[in-house]
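I have placed the structure first, in the form of C-alpha cells, so that the comments after it can refer back to it.
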Amino acid sequence: SYTGGTTVRSGTLVVSGTGASLGQIGSGVIAGDFSGDDGTFVLGAGAVSEYNSAVAGFQAGSVGTINVSGTWNNMGFLVVGYSGTGTLN
C-alpha cells in the first residue's frame, strides 16, 4: 500500500489485486497534469483507493484516463476533463 498524493504524467500506473491500496484521505490523484502529459491511472479488481479527489486531464493540452474496476472511496470530488481531455471508465 502507498499513502500520499499521486500524479501520473505519462504512462500507466496500475494498482490491482486483493489487499492492494493507494492514497489517503485528504490527498488526490491526477492523471494528465500539464500540457503534453498523457497519463493513465488503473484501479484494478480487488484494489482499494482512498483518495479524496481525482482529476483526469487537468491543464489545457493534457490527456488523462482513469479506469476503475476496484473500490474507490472518493469522499471529495472527481473531475473528468478540467481544462484538458479526460476519460473515466
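By order of appearance in the C-alpha cells: chains A, B, ..., then residues from 1 within every chain, and ligands from 1 in the order shown.
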Report the residues of range 1-70 of chain A whose backbone DSSP state falls under strand (DSSP E), written as an MDAnalysis selection string.
-> chainID A and resid 6:8 10:15 21:22 28:31 38:43 48:49 53:56 63:68
Do you know which residues are at most 7 Å from range 31-47 of chain A counting only C-alpha atoms, after dropping those on the same chain fewer than 6 positions away, and could you put them as a ChimeraX atom specification?
-> /A:7-21,55-71
Computed interatomic separation between CA of Asn73 in chain A and CA of Ile25 in chain A (Å) |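 Computing it gives 9.1 Å between the two atoms.
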Could you pull the residues within 7 Å of Val29 in chain A, counting only C-alpha atoms, minus those fewer than 6 positions along the same chain, as a PDB file with C-alpha atoms, in the first residue's frame?
ATOM      1  CA  GLY A   5      -0.904  12.112  -3.444  1.00  0.00           C
ATOM      2  CA  THR A   6      -0.109  10.744  -6.879  1.00  0.00           C
ATOM      3  CA  THR A   7       0.369  12.361 -10.290  1.00  0.00           C
ATOM      4  CA  TYR A  51      -8.166   9.306  -2.482  1.00  0.00           C
ATOM      5  CA  SER A  53     -10.105  13.762  -5.060  1.00  0.00           C
ATOM      6  CA  ALA A  54      -9.304  12.801  -8.634  1.00  0.00           C
ATOM      7  CA  VAL A  55      -8.734  14.727 -11.860  1.00  0.00           C
TER       8      VAL A  55
END
Quick one: of A:Ser49, A:Asn89, A:Leu22, A:Gly28, who's nearest to Phe77 in chain A, counting only C-alpha atoms?
->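 Ranked by minimum distance to Phe77 in chain A, first place goes to A:Gly28.
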